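Trainee: The structure under discussion is supplied below as C-alpha cells; questions concerning it will follow.
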Amino acid sequence: MTRWIIFIVVYILLTAYGFQAIKTITKQVWVHYLFLAVALVVVGNFILQFTVVSEGRVLSPAKSYAFGFLLTFMSLNIVLVPILLGEDIIRGVFGLYDRFIAKREAFYIPERRKFISQIGLGLAAIPFASLLYGMYKGKYNFRVLKYTLHFEDLPDAFDGYRITQISDIHSGSFDNKEKIDYAVNLINKQESDVLLFTGDMVNNKATEMLPWKETFARIKAADGKYSVLGNHDYGDYVDWDSEEAKVQNLEDLKAIQKEIGFDLLLNEHRYLEKDGQKIALIGVENWGKGGFKKAGDLKKASSQIQPDDFKVLMSHDPSHWDAEVLAHDYHYHLTLSGHTHGMQFGIEIPGWIKWSPVKWRYKQWAGIYEQLGQYINVNRGFGYLGYPGRVGIWPEITVIELKKGVKEA
C-alpha cells in the first residue's frame, strides 16, 4: 500500500507540471480538461490492471499496455519537470533578490513562461511520440542483421556455414498474427543451414505458446532447429497453486518445443556433421548473474565433447560468458545469447552510435563482442516484454556466416 501511495503522489506532482505547461501555452479550456482526463484514464487503468485484474506477477498484454501508456504519458511530464522547475527556481531567486535586497517589486514576464513551456513541450514530444510509435509499429519492425566471423580452425566443410539465431520470442506478448507470420517467413528466407533459438519462448506459461505452435513449426533449416531455455521459461515469475503445477508447466513447454521441431538442449550437446567433419553444438540451461536462475551446467554440457572440437555454445544470459565461459578450460569459439532485449529502447546508428541504458547492467548487451579469440553474439530479441514496444532497438533475426581463415584487414 505504501508503494502505491508514493507512486500516486509522484504521479500527481509530475502531472501538475504537465498541466501547468498546457495551461500556459493555450487558453482552450477543453484542452485542459482533455489533458486531465487522459491523466486520470492512464493512471486509473494502470492501477486497475495491476490490482483488481492482476493475476499475480503474470504480465498479460493488458497489463503491458497499461504500463506502456503510463510510461508514455509520464515521459511527457518527466521531461517538462526539470525545465519548468528550473524556470521556477530562477524566477524565485530573482524574486527574493528584488523583494529583500533590491527592495523593489518582483519582475515577471508571462511571455517568458509561455516560451519556456513551448520549448519544454517540444522536447517532451520526442520521447512521447517515440514511445507511442514503439507500441504501434516498432515492436514488429523486424531487422535481419548479418555477420561474418572468421576462424582459422574451422573445419573445411563448414566454410560458409550459415547460422540463423533468434531469441526471446515471448509469445505471451504477441497481438498480431500477420506480423509474426511475416517474421517467420523472413527467417525462412535466409535459408541458413541451422536455426538456433536461445531461450524465453514464453513470458511465464507454456499455454502462451499454444496459439503460435503452427506458426513457429513452419520454421525450416536443413540441419535442424535447436533451442535452450531462458529464465522466463521455467515459470518462476508465477504464483503457482502447487510445485507440481509448476513442474508440469515446464514439461508442457518442453513437449511443445518438441512438437514444433525444436531439439531442446538441457546441459547437453549435439554434433553437426557435414562431409565427414563436425562441429560441436552445446546448449546450457539458464545461467545468469544478479539473482537469475543458475540451472546451467557448462561442465556437464561439455563433458562428452573433445577439447579441439570447434564449439558453438547456446546460453541465454550473456553474463554467463564473462562469468564462466571465458574462464573455462575449453575454447568456445562462438557463444549465442539473448536476454537483454537491448532494453527495447536505445539509439543505434551503425558506425556512429550504439547506446541503451541496459549497457549499465550488461557489458555485452547487443551484437558481436570478441575477447581472448572467442566471440559472443547477443541477440536483441524477437519479441518484447513489459513495455509493449521497441524504440531504436528493433526485433532481430541474426544470420552468422562462419568462414575459414583470417579476416582480411
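By order of appearance in the C-alpha cells: chains A, B, ..., then residues from 1 within every chain, and ligands from 1 in the order shown.
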Counting only C-alpha atoms, what is within 7 Å of A:Gly68, bar same-chain residues fewer than 4 positions away, as a short mmCIF file (atom, residue, chain, number, x, y, z; two decimals) with C-alpha atoms, in the first residue's frame?
Mentor:
```cif
data_model
loop_
_atom_site.label_atom_id
_atom_site.label_comp_id
_atom_site.auth_asym_id
_atom_site.auth_seq_id
_atom_site.Cartn_x
_atom_site.Cartn_y
_atom_site.Cartn_z
CA SER A 64 1.76 -4.41 -20.59
CA THR A 72 4.45 7.26 -22.43
CA TYR A 387 6.76 -2.15 -22.30
CA PRO A 388 4.80 -3.44 -25.34
#
```
Trainee: Write out as number ranges by chain the residues lying within 10 Å of A:Leu36, counting only C-alpha atoms and excluding same-chain residues fewer than 5 positions away.
Mentor: A: 15-16, 18-19, 30-31, 41-42
Trainee: Just write the chosen residues, N, CA and C atoms, as a PDB file, in the first residue's frame.
Mentor:
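Here's the written file selection.pdb:
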```pdb
ATOM      1  N   THR A  15       2.275  15.223 -13.091  1.00  0.00           N
ATOM      2  CA  THR A  15       1.151  15.646 -13.930  1.00  0.00           C
ATOM      3  C   THR A  15       0.846  17.125 -13.740  1.00  0.00           C
ATOM      4  N   ALA A  16       1.047  17.618 -12.514  1.00  0.00           N
ATOM      5  CA  ALA A  16       0.785  19.031 -12.233  1.00  0.00           C
ATOM      6  C   ALA A  16       1.668  19.931 -13.089  1.00  0.00           C
ATOM      7  N   GLY A  18       2.980  19.088 -16.015  1.00  0.00           N
ATOM      8  CA  GLY A  18       2.483  18.977 -17.382  1.00  0.00           C
ATOM      9  C   GLY A  18       1.255  19.834 -17.593  1.00  0.00           C
ATOM     10  N   PHE A  19       0.338  19.812 -16.638  1.00  0.00           N
ATOM     11  CA  PHE A  19      -0.886  20.604 -16.720  1.00  0.00           C
ATOM     12  C   PHE A  19      -0.567  22.095 -16.717  1.00  0.00           C
ATOM     13  N   TRP A  30     -11.110  23.235 -23.090  1.00  0.00           N
ATOM     14  CA  TRP A  30     -11.336  21.826 -23.427  1.00  0.00           C
ATOM     15  C   TRP A  30     -10.016  21.060 -23.502  1.00  0.00           C
ATOM     16  N   VAL A  31      -8.926  21.755 -23.867  1.00  0.00           N
ATOM     17  CA  VAL A  31      -7.609  21.115 -23.896  1.00  0.00           C
ATOM     18  C   VAL A  31      -7.166  20.794 -22.475  1.00  0.00           C
ATOM     19  N   VAL A  41      -7.420   8.567 -16.865  1.00  0.00           N
ATOM     20  CA  VAL A  41      -7.642   7.271 -17.528  1.00  0.00           C
ATOM     21  C   VAL A  41      -6.381   6.426 -17.493  1.00  0.00           C
ATOM     22  N   VAL A  42      -5.253   7.043 -17.777  1.00  0.00           N
ATOM     23  CA  VAL A  42      -3.981   6.302 -17.820  1.00  0.00           C
ATOM     24  C   VAL A  42      -3.647   5.718 -16.466  1.00  0.00           C
TER      25      VAL A  42
END
```
Trainee: Excluding same-chain residues fewer than 2 positions from stretch 129-142 of chain A, what lies within 7 Å of it counting only C-alpha atoms, as a PDB file with C-alpha atoms, in the first residue's frame?
Mentor:
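Final output, saved to out-v4.pdb:
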```pdb
ATOM      1  CA  THR A  72       4.448   7.260 -22.433  1.00  0.00           C
ATOM      2  CA  ALA A 125       7.038  15.430 -27.580  1.00  0.00           C
ATOM      3  CA  ILE A 126      10.115  13.488 -28.766  1.00  0.00           C
ATOM      4  CA  PRO A 127      10.027  10.639 -26.194  1.00  0.00           C
ATOM      5  CA  VAL A 144      17.897  -9.103 -40.291  1.00  0.00           C
ATOM      6  CA  LYS A 179       3.302  -9.634 -38.295  1.00  0.00           C
ATOM      7  CA  ALA A 183       8.796 -12.605 -39.336  1.00  0.00           C
ATOM      8  CA  TYR A 384       9.015  -7.890 -26.304  1.00  0.00           C
ATOM      9  CA  PRO A 388       4.797  -3.435 -25.343  1.00  0.00           C
ATOM     10  CA  GLY A 389       7.010  -1.808 -27.910  1.00  0.00           C
ATOM     11  CA  ARG A 390      10.508  -1.018 -29.125  1.00  0.00           C
ATOM     12  CA  VAL A 391      12.221   2.307 -29.734  1.00  0.00           C
ATOM     13  CA  TRP A 394      14.370  -3.307 -33.193  1.00  0.00           C
ATOM     14  CA  PRO A 395      13.404  -7.010 -33.078  1.00  0.00           C
ATOM     15  CA  GLU A 396      16.221  -9.046 -34.530  1.00  0.00           C
TER      16      GLU A 396
END
```
Trainee: Work out how far atom CA of A:Ser171 is from atom CA of A:Met209, in Å to one decimal.
Mentor: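 Answer for the atom CA of A:Met209 to atom CA of A:Ser171 separation: 5.8 Å.
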Trainee: Just list as a VMD selection string whatever in stretch 204-298 of chain A DSSP marks as strand (DSSP E or B).
Mentor: chain A and resid 225 to 227 262 to 264 268 to 274 277 to 283 287 294
Trainee: If you keep C-alpha atoms, can you produce a file of those selected residues as a compact mmCIF listing (two decimals), in the first residue's frame?
Mentor:
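Contents of again-v5.txt, freshly written:
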```txt
# COMPACT_ATOMS: atom_id res chain seq x y z
CA LYS A 225 16.35 -26.38 -35.18
CA TYR A 226 17.92 -26.32 -31.71
CA SER A 227 16.98 -24.45 -28.56
CA PHE A 262 12.99 -27.85 -31.79
CA ASP A 263 15.67 -30.08 -30.29
CA LEU A 264 15.91 -28.67 -26.75
CA GLU A 268 23.97 -31.32 -23.28
CA HIS A 269 25.46 -31.26 -26.76
CA ARG A 270 24.90 -32.35 -30.34
CA TYR A 271 27.29 -32.70 -33.25
CA LEU A 272 26.51 -31.04 -36.56
CA GLU A 273 28.11 -33.11 -39.33
CA LYS A 274 28.99 -32.20 -42.90
CA GLN A 277 33.55 -33.34 -40.45
CA LYS A 278 31.73 -31.94 -37.44
CA ILE A 279 31.32 -29.04 -35.06
CA ALA A 280 30.02 -29.27 -31.50
CA LEU A 281 26.79 -27.53 -30.55
CA ILE A 282 26.47 -27.10 -26.77
CA GLY A 283 23.32 -25.92 -25.03
CA TRP A 287 22.62 -19.21 -16.03
CA LYS A 294 21.60 -20.71 -12.38
```
Trainee: I'd like the interatomic distance between atom CA of A:Gln364 and atom CA of A:Gly392, to a tenth of an Å.
Mentor: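 It comes out at 17.5 Å.
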Trainee: Taking only stretch 98-285 of chain A into account, list the residues labelled helix (DSSP H, G or I) by DSSP (computed from the backbone), as a VMD selection string.
Mentor: chain A and resid 98 to 101 110 to 136 138 to 140 156 to 158 171 to 173 177 to 189 206 to 217 231 to 234 243 to 259
Trainee: Could you state the separation of atom CA of A:Gly172 and atom CA of A:Glu285 in Å, given to one decimal place?
Mentor: 20.7 Å
Trainee: Find the residue from A:Gly122, A:Pro61, A:Gly290, A:Gly373 that sits nearest to A:Glu208; use only C-alpha atoms when measuring.
Mentor: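 When distances to A:Glu208 are compared using only C-alpha atoms, the smallest one comes from A:Pro61.
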Trainee: Measuring atom to atom with only C-alpha atoms, identify which of A:Val247, A:Leu149, A:Val238, A:Leu229 is nearest to A:Val406.
Mentor: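 Closest to A:Val406 of all the choices is A:Leu149.
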Trainee: Measuring between only C-alpha atoms, which one of A:Arg143, A:Arg361, A:His339, A:Lys27 shows the shortest distance to A:Phe197?
Mentor: A:His339
Trainee: Find the residue from A:Asn231, A:Gln306, A:Asn379, A:Gln257 that sits nearest to A:Lys289; use only C-alpha atoms when measuring.
Mentor: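 That would be A:Asn231, the residue with the smallest distance to A:Lys289.
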